[in-house]
Structures are given as structure tokens and as C-alpha cells.
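Engineer: One structure, as C-alpha cells, below. Some questions next.
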Amino acid sequence: MNRPRPPRRRLTGLLLALVLLPAASGCGDDSAAAGGDRSVRFGYIADYSGSAALAVAEEQGLWDAAGIEPELKVFTNGPLQVQALEGGDLDFGYLGPGALWMPASGRASIVAVNMLGHADRVIARPDTGITEPGDLRGRKVAVPEGTSGEMILDLALREAGLEPDDVEKVRMDPSTVVTAFSSGQVDAAAIWYPLVDTIEEKVPDLVEVSSTTDFHPDQTFPNVFVTRPGFAEDDPGLAREVTGVLKAAGDWIAAHPEESEKLTARFLDLPPEQLVGATEHVDILTSAELTKLTEDGTVAGWFDELAGLFGEMGTLPEPGKAEDYYLGDLYATAGKGKRS
């Protein structure tokens with residue numbers, strides 16, 4: 001599904017592009033200077049974390065200023081985007097923390113951390129008697145496969161001394177999880193906000209069994225932007241430009257969190273109130289903070305810790321090191337020395 005590119009809505013974005021593009025003509029590897037807009041195919045998920053940066057980049061004219069024409073494609077989860085990258089149908093995409101085993105297995109390269117997530121929950125129906133992770137033994141749990149929902153479920157089970165096979169995982173896409181839980185087809189679900197809010201409207205007495213916040217700060221749960229392996233080597237200029245746009249969008253979000261909720265709702269054609277409070281479930285870091293944490297090894301440590309966790313859970317038998325799949329140098333240098 002392709003998101004049609006809307007009309008240029010902001011005069012300020014156009015003026016920014018007109019001001020910046022002449023200055024860019026002196027940069028030898030600038031995409032716009034090389035002969036007009038270049039296109040990239042970019043995947044996203046239709047929730048706040050999965051689309052806020054793209055909403056801001058579109059609304060604030062960041063793509064225009066970089067001379068890039070994005071073709072945006074919506075997906076229901078991260079693993080499907082990695083498959084699209086591998087099949088040559090995408091150039092960039094978005095992954096939640098539960099899908100970070102895929103870059104760690106060499107199937108994608110991370111170009112940027114987006115936000116740190118706290119949105120994942122294991123929830124139970126109030127009529128099941130489930131109140132803690134140990135109560136999940138033998139129960140039917142709805143979960144989107146390979147996502148952060150499955151990650152938080154496995155973490156909760158491990159905390160209770162249970163194995164993944166000790167529950168009946170019913171694998172389904174996120175929207176079906178909402179339906180299955182609400183209608184009583186399953187006892188519990190592993191899912192994330194804002195879908196938890198949607199479920200709670202139908203099952204107001206649902207029980208929160210486990211949360212990503214239970215494991216913080218021992219575990220950090222970044223969501224990220226990825227590209228296919230080798231893309232940055234094949235087209236380093238475009239990779240830097242795209243990463244620069246993502247950094248600028250992240251900085252705008254950090255400075256305008258509440259407004260970013262409204263922009264993202266408009267981007268997703270949702271009522272504004274549906275994303276109010278979405279920023280409460282994430283930590284938003286500036287590009288300066290993320291660059292510092294990249295250069296001192298902290299970000300790589302986040303990825304290595306998660307890779308180790310996936311290894312313990314059997315998802316990732318031979319995890320690679322973050323230095324092999326996190327393009328930290330690209331992130332740290334993207335946007336520097338450009339358009340000054």
C-alpha cells in the first residue's frame with residue numbers, strides 16, 4: 001500500500017527548501033545538486049513511534065530540502081519490512097525493538113535510533129484470573145510474531161521461570177489481536193500502545209500483567225530505522241541524506257512533542273485525540289544526545305544486550321555484534337557540513 005504524496009501544505013517548508021537548495025549546489029555529493037529529487041521507498045508502521053518522524057519530515061519540508069522524494073509504504077510490523085528490503089521492494093524501514101534480532105542476524109543495517117520505547121504490555125482478560133506472568137502457563141495468548149509484543153511476552157515468561165512453549169501462542173497481526181482479545185477468543189495478549197488503549201475501550205477492566213517498564217533500566221528498548229545491507233556502501237550520499245532527514249525530524253519532535261502527536265495523527269488520518277499522550281510511552285532523544293551515546297558505545301551496548309536476550313530466547317542462535325550492523329559512523333556524521 002502506497003501513501004499518496006499530499007500537496008505541499010506548508011509555505012514555510014517550501015521557503016526552507018528554496019533557501020537551502022542554492023547553498024547545496026556547492027556540495028559535491030548532494031542529491032539535489034546532482035540533478036533533482038531522488039526517490040527512496042520507505043516503510044513505516046501506522047502508530048506514533050512508527051510514523052512520527054516521517055510525518056514531521058513531510059510536514060516540515062525536510063524531504064524537499066534534502067532533494068528527496070519519498071515513496072511511503074505502510075506495514076503492520078517490522079519483519080514484513082525486512083522481507084521487503086530483502087526482496088528489493090524497500091530502501092528503508094522502521095523496526096520496533098522486538099524485531100531487532102533481524103539486523104543482529106545480518107538481514108538489515110540500522111541507520112538511526114528513533115525513540116526508546118516503553119509501550120509494550122502483556123495484558124489479560126479480567127475473567128481469567130491471570131494477574132502475574134506465572135499465571136500464563138497453559139493459557140492462550142495472542143501475539144504478533146517477531147515483534148516487540150512477542151519480546152515482552154518472552155521476557156515476562158522468563159521472569160516467571162517459564163519457557164515460551166509453556167503458553168499457547170496464537171500468532172496474528174496486531175489488528176486481529178485487538179479483536180481476539182476483546183471478543184474473548186484468547187485469555188491474554190502481548191501488544192503495545194495505542195492498541196492497548198483501543199482494547200481498553202472494549203475491555204475496561206483488563207489486567208496489566210507485564211510491561212517494558214518492568215525491565216528498565218536493565219534493558220533498553222530502542223526502535224530504529226533500517227536499510228538493506230550494502231545500501232550505504234552502494235549509495236553513501238543518499239544514505240547520509242536520508243539519515244540527516246531522520247535526525248532533523250527527531251530533533252523537531254524532541255522540541256515539539258505534543259505538536260508531533262497532532263502531526264502524526266493528521267499523517268495517519270486519525271482523530272487528533274487518538275494519539276494524545278503517545279509521547280508518554282517513549283523517550284525522545286535529540287540527535288546530539290544520540291551521537292554522543294553512539295560515539296561512547298552506549299547505543300551499541302543497547303543492541304548487544306538485546307541480541308544476547310534474543311539468543312537466550314532461541315530467536316537468534318548466533319547474534320552478531322552491533323558494530324557489524326549499526327552504522328554509527330553514518331549516523332554521527334549525517335547532516336554535518338551540509339547546507340551551511
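Going through the C-alpha cells in order, the chains are called A, B, and so on, while each chain numbers its residues from 1 and the ligands are numbered from 1 in the order shown.
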Give me the stretch 106-181 of chain A side of the contact with stretch 249-253 of chain A, cut-off 12 Å, one line per residue showing its nearest atom pair and distance in Å at one decimal, counting only C-alpha atoms, sorted by chain and residue number, as CSV.
Structural biologist:
residue,atom,partner,partner_atom,distance
A:Ala112,CA,A:Gly250,CA,10.0
A:Val113,CA,A:Gly250,CA,9.4
A:Asn114,CA,A:Gly250,CA,7.0
A:Met115,CA,A:Gly250,CA,8.4
A:Leu116,CA,A:Gly250,CA,12.0
Engineer: Using DSSP on the backbone coordinates, identify the residues of stretch 204-334 of chain A assigned to strand (DSSP E); present them as a VMD selection string.
Structural biologist: chain A and resid 207 to 211 222 to 227 282 to 283
Engineer: My list of candidates is A:Leu62, A:Ile68, A:Ala307, A:Val74. Which is closest to A:Val40 when distances are computed with only C-alpha atoms?
Structural biologist: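 Using only C-alpha atoms, the shortest distance to A:Val40 belongs to A:Ile68.
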Engineer: As a list of chain:residue names, please: the residues near A:Glu273 (cut-off 9 Å, only C-alpha atoms, same-chain neighbours under 3 positions excluded).
Structural biologist: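 My list of contacting residues is A:Glu261, A:Lys262, A:Ala265, A:Leu270, A:Val276, A:Gly277.
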Engineer: Limited to C-alpha atoms, could you put the picked residues into a file as a short mmCIF file (atom, residue, chain, number, x, y, z; two decimals), in the first residue's frame?
Structural biologist:
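Final output, out_11.cif:
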data_model
loop_
_atom_site.label_atom_id
_atom_site.label_comp_id
_atom_site.auth_asym_id
_atom_site.auth_seq_id
_atom_site.Cartn_x
_atom_site.Cartn_y
_atom_site.Cartn_z
CA GLU A 261 1.33 13.87 18.18
CA LYS A 262 -1.05 16.10 16.21
CA ALA A 265 -2.47 11.86 13.73
CA LEU A 270 -6.69 9.70 12.68
CA VAL A 276 -2.79 12.39 22.63
CA GLY A 277 -0.34 11.13 25.25
#
Engineer: Quick one: pick out all helix (DSSP H, G or I) residues within stretch 86-167 of chain A from a backbone DSSP run and write them as a ChimeraX atom specification.
Structural biologist: /A:86,97-99,101-104,133-136,148-159,164-166
Engineer: Grab the atom CA of A:Glu59 to atom CA of A:Glu289 distance for me, in Å with one decimal place.
Structural biologist: 23.8 Å
Engineer: Determine, for each residue of stretch 42-123 of chain A having at least one atom at most 12 Å from an atom of stretch 184-195 of chain A, the closest pair of atoms and their separation in Å to one decimal, counting only C-alpha atoms; order by chain and ascending number, as CSV.
Structural biologist:
residue,atom,partner,partner_atom,distance
A:Ala46,CA,A:Pro194,CA,10.4
A:Asp47,CA,A:Pro194,CA,7.3
A:Tyr48,CA,A:Pro194,CA,8.1
A:Ser49,CA,A:Tyr193,CA,9.8
A:Gly50,CA,A:Pro194,CA,11.5
A:Asn77,CA,A:Ile191,CA,11.7
A:Gly96,CA,A:Trp192,CA,10.6
A:Pro97,CA,A:Trp192,CA,11.7
A:Gly98,CA,A:Ile191,CA,11.1
A:Gly117,CA,A:Trp192,CA,9.8
A:His118,CA,A:Trp192,CA,8.8
A:Ala119,CA,A:Trp192,CA,5.2
A:Asp120,CA,A:Trp192,CA,4.1
A:Arg121,CA,A:Ile191,CA,5.6
A:Val122,CA,A:Ala190,CA,4.4
A:Ile123,CA,A:Ala189,CA,5.4
Engineer: Produce a file of the selected residues containing N, CA and C atoms, as a PDB file, in the first residue's frame.
Structural biologist:
ATOM      1  N   ALA A  46       1.777   2.208  11.147  1.00  0.00           N
ATOM      2  CA  ALA A  46       0.783   3.261  11.377  1.00  0.00           C
ATOM      3  C   ALA A  46       0.471   3.444  12.856  1.00  0.00           C
ATOM      4  N   ASP A  47       1.501   3.750  13.639  1.00  0.00           N
ATOM      5  CA  ASP A  47       1.311   4.187  15.020  1.00  0.00           C
ATOM      6  C   ASP A  47       2.269   5.350  15.274  1.00  0.00           C
ATOM      7  N   TYR A  48       2.254   5.893  16.485  1.00  0.00           N
ATOM      8  CA  TYR A  48       3.048   7.099  16.723  1.00  0.00           C
ATOM      9  C   TYR A  48       4.534   6.866  16.477  1.00  0.00           C
ATOM     10  N   SER A  49       5.132   5.898  17.171  1.00  0.00           N
ATOM     11  CA  SER A  49       6.578   5.676  17.035  1.00  0.00           C
ATOM     12  C   SER A  49       6.965   5.315  15.615  1.00  0.00           C
ATOM     13  N   GLY A  50       6.096   4.562  14.950  1.00  0.00           N
ATOM     14  CA  GLY A  50       6.423   4.060  13.627  1.00  0.00           C
ATOM     15  C   GLY A  50       6.265   5.052  12.506  1.00  0.00           C
ATOM     16  N   ASN A  77       3.984  -4.621  10.581  1.00  0.00           N
ATOM     17  CA  ASN A  77       5.040  -4.946  11.541  1.00  0.00           C
ATOM     18  C   ASN A  77       6.412  -4.812  10.887  1.00  0.00           C
ATOM     19  N   GLY A  96      10.499  -1.987  15.430  1.00  0.00           N
ATOM     20  CA  GLY A  96      10.409  -1.901  16.875  1.00  0.00           C
ATOM     21  C   GLY A  96      11.472  -2.773  17.506  1.00  0.00           C
ATOM     22  N   PRO A  97      11.643  -2.679  18.835  1.00  0.00           N
ATOM     23  CA  PRO A  97      12.726  -3.432  19.489  1.00  0.00           C
ATOM     24  C   PRO A  97      12.588  -4.937  19.361  1.00  0.00           C
ATOM     25  N   GLY A  98      11.361  -5.431  19.259  1.00  0.00           N
ATOM     26  CA  GLY A  98      11.181  -6.873  19.163  1.00  0.00           C
ATOM     27  C   GLY A  98      11.673  -7.475  17.866  1.00  0.00           C
ATOM     28  N   GLY A 117      11.441   2.870  23.517  1.00  0.00           N
ATOM     29  CA  GLY A 117      10.050   2.537  23.758  1.00  0.00           C
ATOM     30  C   GLY A 117       9.755   1.983  25.137  1.00  0.00           C
ATOM     31  N   HIS A 118       8.555   2.337  25.638  1.00  0.00           N
ATOM     32  CA  HIS A 118       8.029   1.765  26.886  1.00  0.00           C
ATOM     33  C   HIS A 118       6.573   1.357  26.674  1.00  0.00           C
ATOM     34  N   ALA A 119       6.193   1.041  25.442  1.00  0.00           N
ATOM     35  CA  ALA A 119       4.775   0.904  25.114  1.00  0.00           C
ATOM     36  C   ALA A 119       4.254  -0.524  25.155  1.00  0.00           C
ATOM     37  N   ASP A 120       5.113  -1.517  25.300  1.00  0.00           N
ATOM     38  CA  ASP A 120       4.675  -2.906  25.163  1.00  0.00           C
ATOM     39  C   ASP A 120       4.117  -3.454  26.470  1.00  0.00           C
ATOM     40  N   ARG A 121       3.054  -4.239  26.343  1.00  0.00           N
ATOM     41  CA  ARG A 121       2.374  -4.787  27.507  1.00  0.00           C
ATOM     42  C   ARG A 121       1.938  -6.228  27.252  1.00  0.00           C
ATOM     43  N   VAL A 122       1.920  -7.014  28.317  1.00  0.00           N
ATOM     44  CA  VAL A 122       1.164  -8.261  28.327  1.00  0.00           C
ATOM     45  C   VAL A 122      -0.083  -7.971  29.146  1.00  0.00           C
ATOM     46  N   ILE A 123      -1.227  -8.178  28.561  1.00  0.00           N
ATOM     47  CA  ILE A 123      -2.495  -7.890  29.227  1.00  0.00           C
ATOM     48  C   ILE A 123      -3.340  -9.159  29.271  1.00  0.00           C
TER      49      ILE A 123
END
Engineer: Excluding same-chain residues fewer than 4 positions from A:Gly230, what lies within 10 Å of it counting only C-alpha atoms, as a list of chain:residue names?
Structural biologist: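 So, after excluding close chain neighbours, the residues are A:Ala108, A:Ser109, A:Asp234, A:Asp235, A:Pro236.
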Engineer: Here is a test: counting only C-alpha atoms, which residue of A:Gly311, A:Gly88, A:Gly149, A:Pro174 is nearest to A:Thr227?
Structural biologist: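 Using only C-alpha atoms, the shortest distance to A:Thr227 belongs to A:Gly88.
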Engineer: Kindly indicate which residue among A:Gly138, A:Gly61, A:Gly93, A:Pro70 lies nearest to A:Gly43, using only C-alpha atoms for the distances.
Structural biologist: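 Smallest separation from A:Gly43 among the options: A:Gly93.
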